[in-house]
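One file, query-v1.pdb, carrying PDB, C-alpha atoms:
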```pdb
MODEL        1
ATOM      1  CA  MET A 281      19.391   4.691  -8.628
ATOM      2  CA  ARG A 282      18.432   1.693 -10.717
ATOM      3  CA  PRO A 283      16.399   2.881 -13.711
ATOM      4  CA  SER A 284      12.761   1.894 -14.013
ATOM      5  CA  ARG A 285      10.571   1.677 -17.087
ATOM      6  CA  SER A 286       6.836   2.188 -17.458
ATOM      7  CA  GLU A 287       4.093   0.239 -19.163
ATOM      8  CA  THR A 288       0.318   0.125 -18.976
ATOM      9  CA  LEU A 289      -2.171  -2.626 -18.336
ATOM     10  CA  ASP A 290      -5.583  -1.979 -19.887
ATOM     11  CA  LEU A 291      -8.410  -3.610 -17.940
ATOM     12  CA  PRO A 292     -12.140  -3.417 -18.730
ATOM     13  CA  THR A 293     -12.758  -0.629 -16.213
ATOM     14  CA  VAL A 294      -9.383   1.040 -15.683
ATOM     15  CA  ARG A 295      -5.901   1.590 -17.105
ATOM     16  CA  LEU A 296      -3.110   0.762 -14.657
ATOM     17  CA  HIS A 297       0.410   2.116 -14.771
ATOM     18  CA  VAL A 298       3.040  -0.521 -13.997
ATOM     19  CA  ARG A 299       6.628   0.297 -13.070
ATOM     20  CA  ARG A 300       9.268  -2.294 -13.946
ATOM     21  CA  TRP A 301      12.817  -2.810 -12.735
ATOM     22  CA  GLY A 302      15.345  -5.494 -13.567
ATOM     23  CA  ASP A 303      15.637  -8.363 -16.014
ATOM     24  CA  PRO A 304      12.318  -9.696 -17.404
ATOM     25  CA  ALA A 305      13.915 -13.160 -17.513
ATOM     26  CA  ALA A 306      14.732 -13.114 -13.780
ATOM     27  CA  PRO A 307      12.343 -14.423 -11.082
ATOM     28  CA  THR A 308       9.249 -12.235 -10.813
ATOM     29  CA  LEU A 309       8.600 -10.186  -7.682
ATOM     30  CA  LEU A 310       5.437  -8.108  -7.244
ATOM     31  CA  LEU A 311       5.825  -4.993  -5.071
ATOM     32  CA  LEU A 312       2.508  -3.488  -3.949
ATOM     33  CA  HIS A 313       2.375   0.041  -2.513
ATOM     34  CA  GLY A 314       0.051   1.274   0.209
ATOM     35  CA  TRP A 315      -2.653   3.910   0.537
ATOM     36  CA  MET A 316      -1.650   7.375  -0.690
ATOM     37  CA  ASP A 317       1.659   5.982  -1.906
ATOM     38  CA  VAL A 318       2.943   5.221  -5.414
ATOM     39  CA  SER A 319       5.047   2.528  -7.050
ATOM     40  CA  ALA A 320       8.068   4.844  -7.369
ATOM     41  CA  SER A 321       8.557   4.852  -3.592
ATOM     42  CA  TRP A 322       9.884   1.280  -3.859
ATOM     43  CA  GLN A 323      12.997   2.776  -5.489
ATOM     44  CA  PHE A 324      14.936   2.818  -2.214
ATOM     45  CA  VAL A 325      14.282  -0.899  -1.599
ATOM     46  CA  VAL A 326      14.996  -1.836  -5.213
ATOM     47  CA  ASP A 327      18.379  -0.123  -5.001
ATOM     48  CA  GLU A 328      19.276  -2.303  -1.996
ATOM     49  CA  LEU A 329      18.379  -5.690  -3.532
ATOM     50  CA  CYS A 330      21.391  -7.895  -4.203
ATOM     51  CA  ARG A 331      20.156 -10.384  -6.784
ATOM     52  CA  ASP A 332      18.443  -9.963 -10.136
ATOM     53  CA  TRP A 333      14.654  -9.720 -10.058
ATOM     54  CA  ASN A 334      11.939  -9.053 -12.581
ATOM     55  CA  ILE A 335      10.192  -6.445 -10.456
ATOM     56  CA  VAL A 336       6.590  -5.524 -11.210
ATOM     57  CA  ALA A 337       5.212  -2.607  -9.187
ATOM     58  CA  PRO A 338       1.748  -1.321 -10.126
ATOM     59  CA  ASP A 339       0.169   1.962  -9.180
ATOM     60  CA  TRP A 340      -3.258   1.080  -7.819
ATOM     61  CA  ARG A 341      -6.230   2.610  -9.594
ATOM     62  CA  GLY A 342      -6.585   6.229  -8.572
ATOM     63  CA  PHE A 343      -2.939   6.634  -7.534
ATOM     64  CA  GLY A 344      -0.012   8.196  -9.390
ATOM     65  CA  PRO A 345      -0.001   7.646 -13.170
ATOM     66  CA  SER A 346      -2.776   5.022 -13.093
ATOM     67  CA  GLN A 347      -6.234   6.117 -14.206
ATOM     68  CA  TRP A 348      -8.267   8.160 -11.751
ATOM     69  CA  LEU A 349     -11.988   7.438 -11.723
ATOM     70  CA  GLY A 350     -13.260  10.566  -9.961
ATOM     71  CA  ARG A 351     -15.745   8.608  -7.883
ATOM     72  CA  PRO A 352     -15.705   6.419  -4.752
ATOM     73  CA  TYR A 353     -13.377   3.403  -4.781
ATOM     74  CA  PHE A 354     -14.135   0.023  -3.247
ATOM     75  CA  PHE A 355     -11.520  -2.295  -1.788
ATOM     76  CA  ALA A 356     -12.677  -5.320  -3.770
ATOM     77  CA  GLU A 357     -11.797  -3.460  -6.980
ATOM     78  CA  HIS A 358      -8.128  -3.548  -5.993
ATOM     79  CA  VAL A 359      -8.342  -7.307  -5.417
ATOM     80  CA  GLY A 360      -9.637  -7.657  -8.963
ATOM     81  CA  ASP A 361      -6.788  -5.517 -10.269
ATOM     82  CA  LEU A 362      -4.289  -7.688  -8.388
ATOM     83  CA  GLU A 363      -5.629 -10.831 -10.023
ATOM     84  CA  ALA A 364      -5.293  -9.173 -13.431
ATOM     85  CA  LEU A 365      -1.682  -8.306 -12.614
ATOM     86  CA  VAL A 366      -0.916 -11.888 -11.571
ATOM     87  CA  ASP A 367      -2.582 -13.181 -14.752
ATOM     88  CA  ARG A 368      -0.464 -10.811 -16.835
ATOM     89  CA  TYR A 369       2.934 -11.204 -15.191
ATOM     90  CA  ALA A 370       2.818 -14.734 -13.736
ATOM     91  CA  PRO A 371       0.333 -16.582 -15.952
ATOM     92  CA  ASP A 372       1.921 -20.009 -15.682
ATOM     93  CA  GLY A 373       2.910 -20.276 -12.058
ATOM     94  CA  ARG A 374       2.805 -18.901  -8.565
ATOM     95  CA  VAL A 375       4.079 -15.439  -7.693
ATOM     96  CA  ARG A 376       6.158 -13.866  -4.936
ATOM     97  CA  ILE A 377       4.528 -10.763  -3.462
ATOM     98  CA  ALA A 378       5.717  -8.086  -1.054
ATOM     99  CA  GLY A 379       3.154  -5.470  -0.098
ATOM    100  CA  HIS A 380       3.192  -2.479   2.225
ATOM    101  CA  SER A 381       0.200  -1.442   4.334
ATOM    102  CA  MET A 382      -2.832  -1.526   1.973
ATOM    103  CA  GLY A 383      -0.683  -3.486  -0.475
ATOM    104  CA  GLY A 384       0.101  -6.034   2.231
ATOM    105  CA  ILE A 385      -3.557  -6.289   3.215
ATOM    106  CA  LEU A 386      -4.520  -6.897  -0.412
ATOM    107  CA  ALA A 387      -1.753  -9.478  -0.850
ATOM    108  CA  CYS A 388      -2.912 -11.422   2.216
ATOM    109  CA  LEU A 389      -6.511 -11.412   1.019
ATOM    110  CA  TYR A 390      -5.512 -12.542  -2.456
ATOM    111  CA  ALA A 391      -3.299 -15.320  -1.070
ATOM    112  CA  GLY A 392      -6.313 -16.696   0.818
ATOM    113  CA  ILE A 393      -8.764 -16.268  -2.054
ATOM    114  CA  ARG A 394      -6.377 -17.774  -4.635
ATOM    115  CA  PRO A 395      -3.961 -19.887  -2.544
ATOM    116  CA  GLN A 396      -2.726 -21.727  -5.618
ATOM    117  CA  ARG A 397      -1.428 -18.482  -7.180
ATOM    118  CA  VAL A 398       0.955 -17.253  -4.430
ATOM    119  CA  GLU A 399       4.287 -18.908  -3.658
ATOM    120  CA  ARG A 400       5.486 -16.689  -0.812
ATOM    121  CA  LEU A 401       4.310 -13.429   0.716
ATOM    122  CA  VAL A 402       5.865 -10.599   2.721
ATOM    123  CA  SER A 403       3.434  -8.208   4.417
ATOM    124  CA  LEU A 404       5.050  -4.955   5.514
ATOM    125  CA  GLU A 405       2.747  -3.435   8.130
ATOM    126  CA  GLY A 406      -0.254  -4.896   6.287
ATOM    127  CA  PHE A 407      -2.073  -6.594   9.154
ATOM    128  CA  GLY A 408      -5.613  -5.344   8.565
ATOM    129  CA  ILE A 409      -7.280  -2.230   9.957
ATOM    130  CA  ALA A 410      -8.952  -1.712  13.329
ATOM    131  CA  PRO A 411     -12.034  -3.864  13.918
ATOM    132  CA  THR A 412     -15.525  -2.408  13.744
ATOM    133  CA  HIS A 413     -18.862  -3.368  15.271
ATOM    134  CA  PRO A 414     -22.432  -3.145  13.915
ATOM    135  CA  ASP A 415     -23.347  -0.158  16.122
ATOM    136  CA  MET A 416     -20.968   1.934  14.000
ATOM    137  CA  ALA A 417     -23.062   1.415  10.844
ATOM    138  CA  PRO A 418     -25.524   4.342  11.185
ATOM    139  CA  GLU A 419     -22.765   6.914  11.603
ATOM    140  CA  ARG A 420     -20.711   5.367   8.810
ATOM    141  CA  TYR A 421     -23.593   5.596   6.339
ATOM    142  CA  ALA A 422     -24.264   9.185   7.412
ATOM    143  CA  GLN A 423     -20.600  10.026   6.737
ATOM    144  CA  TRP A 424     -20.929   8.393   3.340
ATOM    145  CA  LEU A 425     -23.966  10.475   2.395
ATOM    146  CA  ASP A 426     -22.253  13.648   3.589
ATOM    147  CA  THR A 427     -19.207  12.855   1.443
ATOM    148  CA  LEU A 428     -21.357  12.380  -1.658
ATOM    149  CA  GLN A 429     -22.754  15.880  -1.143
ATOM    150  CA  SER A 430     -19.326  17.413  -0.470
ATOM    151  CA  PRO A 431     -16.576  15.468  -2.287
ATOM    152  CA  PRO A 432     -13.149  15.346  -0.603
ATOM    153  CA  ARG A 433     -10.261  17.562  -1.656
ATOM    154  CA  MET A 434      -6.518  17.319  -1.098
ATOM    155  CA  HIS A 435      -4.561  19.787   1.020
ATOM    156  CA  VAL A 436      -2.574  22.187  -1.142
ATOM    157  CA  TYR A 437       1.101  23.061  -0.548
ATOM    158  CA  ALA A 438       2.985  26.092  -1.825
ATOM    159  CA  ASP A 439       5.682  24.049  -3.581
ATOM    160  CA  ARG A 440       7.391  20.669  -3.544
ATOM    161  CA  ALA A 441       9.848  21.821  -0.895
ATOM    162  CA  ALA A 442       6.888  22.461   1.416
ATOM    163  CA  PHE A 443       5.520  19.034   0.554
ATOM    164  CA  ALA A 444       8.899  17.466   1.392
ATOM    165  CA  ARG A 445       8.889  19.264   4.742
ATOM    166  CA  ARG A 446       5.458  17.772   5.419
ATOM    167  CA  LEU A 447       6.881  14.283   4.793
ATOM    168  CA  LEU A 448       9.821  14.944   7.106
ATOM    169  CA  LYS A 449       7.518  16.249   9.830
ATOM    170  CA  SER A 450       5.391  13.102   9.853
ATOM    171  CA  ASP A 451       8.311  10.638   9.670
ATOM    172  CA  ARG A 452      11.302  11.290  11.915
ATOM    173  CA  PHE A 453      13.324   8.507  10.267
ATOM    174  CA  LEU A 454      13.018   9.880   6.730
ATOM    175  CA  THR A 455      16.131  11.557   5.289
ATOM    176  CA  GLU A 456      16.022  14.860   3.424
ATOM    177  CA  GLY A 457      17.290  13.201   0.240
ATOM    178  CA  ARG A 458      14.537  10.586   0.262
ATOM    179  CA  ALA A 459      11.929  13.214   1.096
ATOM    180  CA  ASP A 460      13.044  15.233  -1.925
ATOM    181  CA  PHE A 461      12.763  12.163  -4.180
ATOM    182  CA  LEU A 462       9.336  11.284  -2.803
ATOM    183  CA  SER A 463       8.082  14.838  -3.211
ATOM    184  CA  ARG A 464       8.573  14.491  -6.965
ATOM    185  CA  HIS A 465       6.468  11.307  -7.168
ATOM    186  CA  LEU A 466       3.979  11.582  -4.308
ATOM    187  CA  SER A 467       2.821  15.045  -5.359
ATOM    188  CA  ARG A 468       1.566  16.807  -8.470
ATOM    189  CA  VAL A 469       0.314  20.216  -9.556
ATOM    190  CA  GLY A 470      -3.423  20.498  -9.090
ATOM    191  CA  GLU A 471      -6.326  21.964  -7.166
ATOM    192  CA  GLY A 472      -6.820  21.464  -3.462
ATOM    193  CA  SER A 473      -7.833  23.421  -0.398
ATOM    194  CA  ASN A 474      -5.992  25.288   2.329
ATOM    195  CA  ARG A 475      -6.560  24.923   6.067
ATOM    196  CA  SER A 476      -9.524  27.283   5.834
ATOM    197  CA  GLY A 477     -11.197  25.087   3.238
ATOM    198  CA  GLU A 478     -10.694  27.589   0.413
ATOM    199  CA  ARG A 479      -9.890  26.218  -3.035
ATOM    200  CA  ARG A 480      -6.317  26.812  -4.122
ATOM    201  CA  HIS A 481      -4.037  25.740  -6.964
ATOM    202  CA  GLY A 482      -0.628  24.337  -6.050
ATOM    203  CA  ILE A 483       1.087  21.101  -5.036
ATOM    204  CA  VAL A 484      -1.264  18.330  -3.898
ATOM    205  CA  TRP A 485      -0.954  14.643  -3.102
ATOM    206  CA  ASN A 486      -0.703  12.418  -6.189
ATOM    207  CA  GLY A 487      -3.870  10.455  -5.587
ATOM    208  CA  ASP A 488      -7.537  10.792  -6.430
ATOM    209  CA  PRO A 489      -9.198  12.743  -3.572
ATOM    210  CA  TRP A 490     -11.996  10.178  -3.619
ATOM    211  CA  HIS A 491      -9.622   7.749  -1.891
ATOM    212  CA  LYS A 492     -10.144   9.900   1.187
ATOM    213  CA  ALA A 493     -13.852   9.068   1.227
ATOM    214  CA  THR A 494     -14.923   6.744   4.019
ATOM    215  CA  SER A 495     -16.428   3.494   2.797
ATOM    216  CA  PRO A 496     -20.085   2.952   3.701
ATOM    217  CA  TYR A 497     -19.232  -0.659   4.577
ATOM    218  CA  LEU A 498     -17.703  -1.574   7.904
ATOM    219  CA  PHE A 499     -14.486  -3.574   8.009
ATOM    220  CA  ARG A 500     -15.440  -7.072   9.132
ATOM    221  CA  LEU A 501     -12.385  -8.600  10.758
ATOM    222  CA  GLU A 502     -14.046 -12.014  10.881
ATOM    223  CA  GLU A 503     -14.243 -12.121   7.091
ATOM    224  CA  SER A 504     -10.563 -11.296   6.693
ATOM    225  CA  MET A 505      -9.615 -13.893   9.294
ATOM    226  CA  ALA A 506     -11.592 -16.548   7.428
ATOM    227  CA  ILE A 507      -9.655 -15.696   4.260
ATOM    228  CA  TRP A 508      -6.281 -15.666   6.039
ATOM    229  CA  ARG A 509      -6.909 -19.199   7.307
ATOM    230  CA  ARG A 510      -6.979 -20.429   3.694
ATOM    231  CA  ILE A 511      -3.477 -19.139   2.881
ATOM    232  CA  ALA A 512      -1.249 -22.062   1.915
ATOM    233  CA  CYS A 513       2.077 -20.287   1.386
ATOM    234  CA  PRO A 514       4.675 -19.117   3.923
ATOM    235  CA  VAL A 515       4.073 -15.541   5.087
ATOM    236  CA  ARG A 516       6.452 -13.060   6.691
ATOM    237  CA  TRP A 517       5.068 -10.241   8.819
ATOM    238  CA  VAL A 518       7.388  -7.220   9.022
ATOM    239  CA  ALA A 519       6.728  -4.373  11.450
ATOM    240  CA  GLY A 520       8.458  -1.108  12.294
ATOM    241  CA  ARG A 521       9.493  -0.972  15.930
ATOM    242  CA  GLN A 522       8.299   2.647  16.281
ATOM    243  CA  SER A 523       5.227   2.317  14.036
ATOM    244  CA  TRP A 524       1.922   3.932  14.930
ATOM    245  CA  VAL A 525       0.244   0.749  13.680
ATOM    246  CA  VAL A 526       2.001  -1.257  16.383
ATOM    247  CA  ARG A 527       0.925   1.310  18.991
ATOM    248  CA  ASP A 528      -2.683   0.924  17.832
ATOM    249  CA  PHE A 529      -2.512  -2.833  18.270
ATOM    250  CA  ALA A 530      -1.059  -2.357  21.760
ATOM    251  CA  ALA A 531      -4.306  -0.574  22.679
ATOM    252  CA  ARG A 532      -6.272  -3.716  21.719
ATOM    253  CA  PRO A 533      -4.833  -6.577  23.827
ATOM    254  CA  GLY A 534      -4.932  -9.927  22.032
ATOM    255  CA  ASP A 535      -5.827  -8.518  18.596
ATOM    256  CA  TRP A 536      -2.320  -8.901  17.129
ATOM    257  CA  GLU A 537      -2.021 -12.480  18.394
ATOM    258  CA  ALA A 538      -5.484 -13.460  17.135
ATOM    259  CA  ARG A 539      -4.718 -12.215  13.617
ATOM    260  CA  ARG A 540      -1.293 -13.827  13.555
ATOM    261  CA  ALA A 541      -2.801 -17.170  14.610
ATOM    262  CA  CYS A 542      -4.876 -17.255  11.398
ATOM    263  CA  PHE A 543      -1.726 -17.809   9.309
ATOM    264  CA  ALA A 544      -0.626 -21.444   9.209
ATOM    265  CA  ASP A 545       2.998 -20.654   8.297
ATOM    266  CA  VAL A 546       4.098 -17.209   9.459
ATOM    267  CA  ASP A 547       7.195 -15.638  10.926
ATOM    268  CA  GLU A 548       7.431 -12.204  12.454
ATOM    269  CA  CYS A 549      10.289  -9.728  11.927
ATOM    270  CA  TRP A 550      10.903  -6.277  13.365
ATOM    271  CA  ILE A 551      12.880  -3.345  12.010
ATOM    272  CA  ASP A 552      14.355  -0.826  14.418
ATOM    273  CA  ASP A 553      14.280   2.928  13.807
ATOM    274  CA  ALA A 554      11.288   2.618  11.492
ATOM    275  CA  ASP A 555       7.755   3.979  11.596
ATOM    276  CA  HIS A 556       4.884   2.788   9.399
ATOM    277  CA  MET A 557       6.671   3.766   6.169
ATOM    278  CA  LEU A 558       9.496   1.368   6.942
ATOM    279  CA  HIS A 559      10.433   0.934   3.257
ATOM    280  CA  HIS A 560      11.204   4.669   3.255
ATOM    281  CA  ASP A 561      12.894   4.638   6.653
ATOM    282  CA  GLN A 562      15.095   1.523   6.470
ATOM    283  CA  PRO A 563      15.113   0.286   2.853
ATOM    284  CA  ALA A 564      18.281  -1.799   3.270
ATOM    285  CA  ALA A 565      16.757  -3.750   6.155
ATOM    286  CA  VAL A 566      13.480  -4.193   4.252
ATOM    287  CA  ALA A 567      15.329  -5.402   1.137
ATOM    288  CA  ARG A 568      17.314  -7.884   3.210
ATOM    289  CA  LEU A 569      14.196  -9.353   4.867
ATOM    290  CA  ILE A 570      12.395  -9.631   1.519
ATOM    291  CA  GLU A 571      15.312 -11.195  -0.325
ATOM    292  CA  ASP A 572      16.243 -13.643   2.436
ATOM    293  CA  PHE A 573      12.656 -14.858   2.628
ATOM    294  CA  PHE A 574      12.206 -15.314  -1.100
ATOM    295  CA  ARG A 575      15.601 -16.902  -1.583
TER     296      ARG A 575
ENDMDL
END
```
Transcribe the structure of this file into structure tokens.
Amino acid sequence: MRPSRSETLDLPTVRLHVRRWGDPAAPTLLLLHGWMDVSASWQFVVDELCRDWNIVAPDWRGFGPSQWLGRPYFFAEHVGDLEALVDRYAPDGRVRIAGHSMGGILACLYAGIRPQRVERLVSLEGFGIAPTHPDMAPERYAQWLDTLQSPPRMHVYADRAAFARRLLKSDRFLTEGRADFLSRHLSRVGEGSNRSGERRHGIVWNGDPWHKATSPYLFRLEESMAIWRRIACPVRWVAGRQSWVVRDFAARPGDWEARRACFADVDECWIDDADHMLHHDQPAAVARLIEDFFR
């Protein structure tokens, strides 16, 4: 495995951990992880890249080694952190970004908010979440109030081997070797709860439990679409052929096509034998699609 190195970025409200690979003098590539993931899980893709890159992979606030805030998180905060990362690592030009899931969603929003800052963008399964409608607001706010009274907790596992088995169970394309590696970065020792809701100490997911809290604000697809229409750079959509995200879109006829139409310059690529975590499942194919696009 290619060795990585760690550094921190101190912002006014949070300290971010940033993982670096490659030559700092090489072209810069930002790799953005998804929800309940960490920067280290890009290792498999990094190992498959052919050319030299200055790779910058942050851990979002509240994930992995970055600072945990112990309170609810709001999506716009991550957009602000992304701008700080671009200011730090690409202050004089435009940046190449590849993001998975939440990281892809954030990258697409940022590319529309700051179109002059992004040169090219690869979104790996980061196509936006399911649409909502105003009638869902009362229940959403009630869920929010309930969460404030009873903060979320992570499920606890007996050991890292049990955690690795959980990863293998939820992803049929994941290998045992990769699951073992991920279990050492996606988990930590801490307090959680068992299936009965009882507090236990053991192996838990390496993310602030408050990320599990439902936002009080509904996702407004129209707002995201308005931002996507302002993107000026070429965009590559990459999807896993067996992904649950793709199955969700299939249940909403026309939704995929309507979102795709918002991007002025977009191409669509598919990876076989891959679920949602396609950078874990088929890292060589993901690396090839990223590198070919940015080259």
task: For each of A:Gln347, A:Ser523, A:Ser476, A:Ser430, take the minimum atom-to-atom distance to Ser381 of chain A, counting all atoms listed in the file, then give the residue where this is smallest.
output: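 Of the candidates, the smallest distance to Ser381 of chain A is held by A:Ser523.
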query: Residues picked by the PyMOL selection byres ((chain A and resi 433) around 10) here, as a ChimeraX atom specification?
result: /A:430-432,434-436,471-474,477,479,484-485,488-493
message: Residue by residue, what does the PyMOL selection byres ((chain A and resi 400) around 12) grab here? Present the result as a PyMOL selection string.
response: chain A and resi 308-310+374-379+387-388+390-392+395-399+401-403+511-517+545-547+570-575
- request: Go through A:Leu428, A:Leu404, A:Ile409, A:Val469 one by one, measure the shortest atom-to-atom distance of each to Gln562 of chain A using all atoms listed in the file, and give the residue with the smallest value.
  value: A:Leu404
field: Selected residue, from A:Ala531, A:Leu365, A:Ala410, A:Leu389, that lies nearest to Leu296 of chain A when counting all atoms listed in the file
entry: A:Leu365
field: d(atom CA of Asp317 of chain A, atom CA of Glu363 of chain A) in Å
entry: 20.0 Å
- prompt: For Phe461 of chain A, which residue among A:Ala337, A:Met281, A:Ala567, A:Val366 is the nearest when counting all atoms listed in the file?
  reply: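 Of the candidates, the smallest distance to Phe461 of chain A is held by A:Met281.
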task: Using only C-alpha atoms, find the one residue out of A:Asp415, A:Asp372, A:Asp528, A:Asp552 that sits nearest to Leu498 of chain A.
output: A:Asp415
- prompt: Nearest to His559 of chain A: which of A:Ala438, A:Leu425, A:Ala544, A:Val518 is it, counting all atoms listed in the file?
  reply: A:Val518
- prompt: So how far away is atom CA of Tyr421 of chain A from atom CA of Val525 of chain A, in Å?
  reply: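 These atoms are spaced 25.4 Å apart.
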- prompt: Do you know which residues are at most 12 Å from Asp327 of chain A counting only C-alpha atoms, after dropping those on the same chain fewer than 5 positions away, and could you put them as a list of chain:residue names?
  reply: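 Close residues of Asp327 of chain A: A:Met281, A:Arg282, A:Pro283, A:Ser284, A:Trp301, A:Gly302, A:Ala320, A:Ser321, A:Trp322, A:Asp332, A:Trp333, A:Ile335, A:His559, A:His560, A:Pro563, A:Ala564, A:Ala565, A:Val566, A:Ala567, A:Arg568.
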If you take every atom of segment 405-420 of chain A that the file lists and fit an axis-aligned box around them with 5 Å extra on each side, what centre and edge lengths come out in Å to one decimal, as lines of an AutoDock Vina configuration file?
```
center_x = -11.4
center_y = 0.2
center_z = 11.2
size_x = 38.3
size_y = 23.5
size_z = 19.8
```
query: Evaluating the PyMOL selection byres ((chain A and resi 412) around 7) on the displayed file yields which residues, as number ranges by chain?
result: A: 410-411, 413-414, 416, 498-500
message: I'd like the interatomic distance between atom CA of Val326 of chain A and atom CA of Arg299 of chain A, to a tenth of an Å.
response: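 Those two atoms sit 11.7 Å apart.
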message: For a quick check of your reading of the model, name the residues lying within 6 Å of the coordinate (11.0, -10.9, -15.5), counting all atoms listed in the file, and write them as a list in words.
response: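 Residues lying no farther than 6 Å from the given point: Asp303, Pro304, Ala305, Ala306, Pro307, Thr308 and Asn334 of chain A.
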task: Do a neighbour search on Ala519 of chain A at 7 Å with all atoms listed in the file, toss out local chain neighbours closer than 2 positions, and write the hits as a list in words.
output: Leu404, Glu405, Trp517, Arg521, Cys549, Trp550 and Ile551 of chain A
Now that the selection is made, can you save its residues with C-alpha atoms as a PDB file, keeping the file's coordinate frame?
```
ATOM      1  CA  LEU A 404       5.050  -4.955   5.514  1.00  0.00           C
ATOM      2  CA  GLU A 405       2.747  -3.435   8.130  1.00  0.00           C
ATOM      3  CA  TRP A 517       5.068 -10.241   8.819  1.00  0.00           C
ATOM      4  CA  ARG A 521       9.493  -0.972  15.930  1.00  0.00           C
ATOM      5  CA  CYS A 549      10.289  -9.728  11.927  1.00  0.00           C
ATOM      6  CA  TRP A 550      10.903  -6.277  13.365  1.00  0.00           C
ATOM      7  CA  ILE A 551      12.880  -3.345  12.010  1.00  0.00           C
TER       8      ILE A 551
END
```
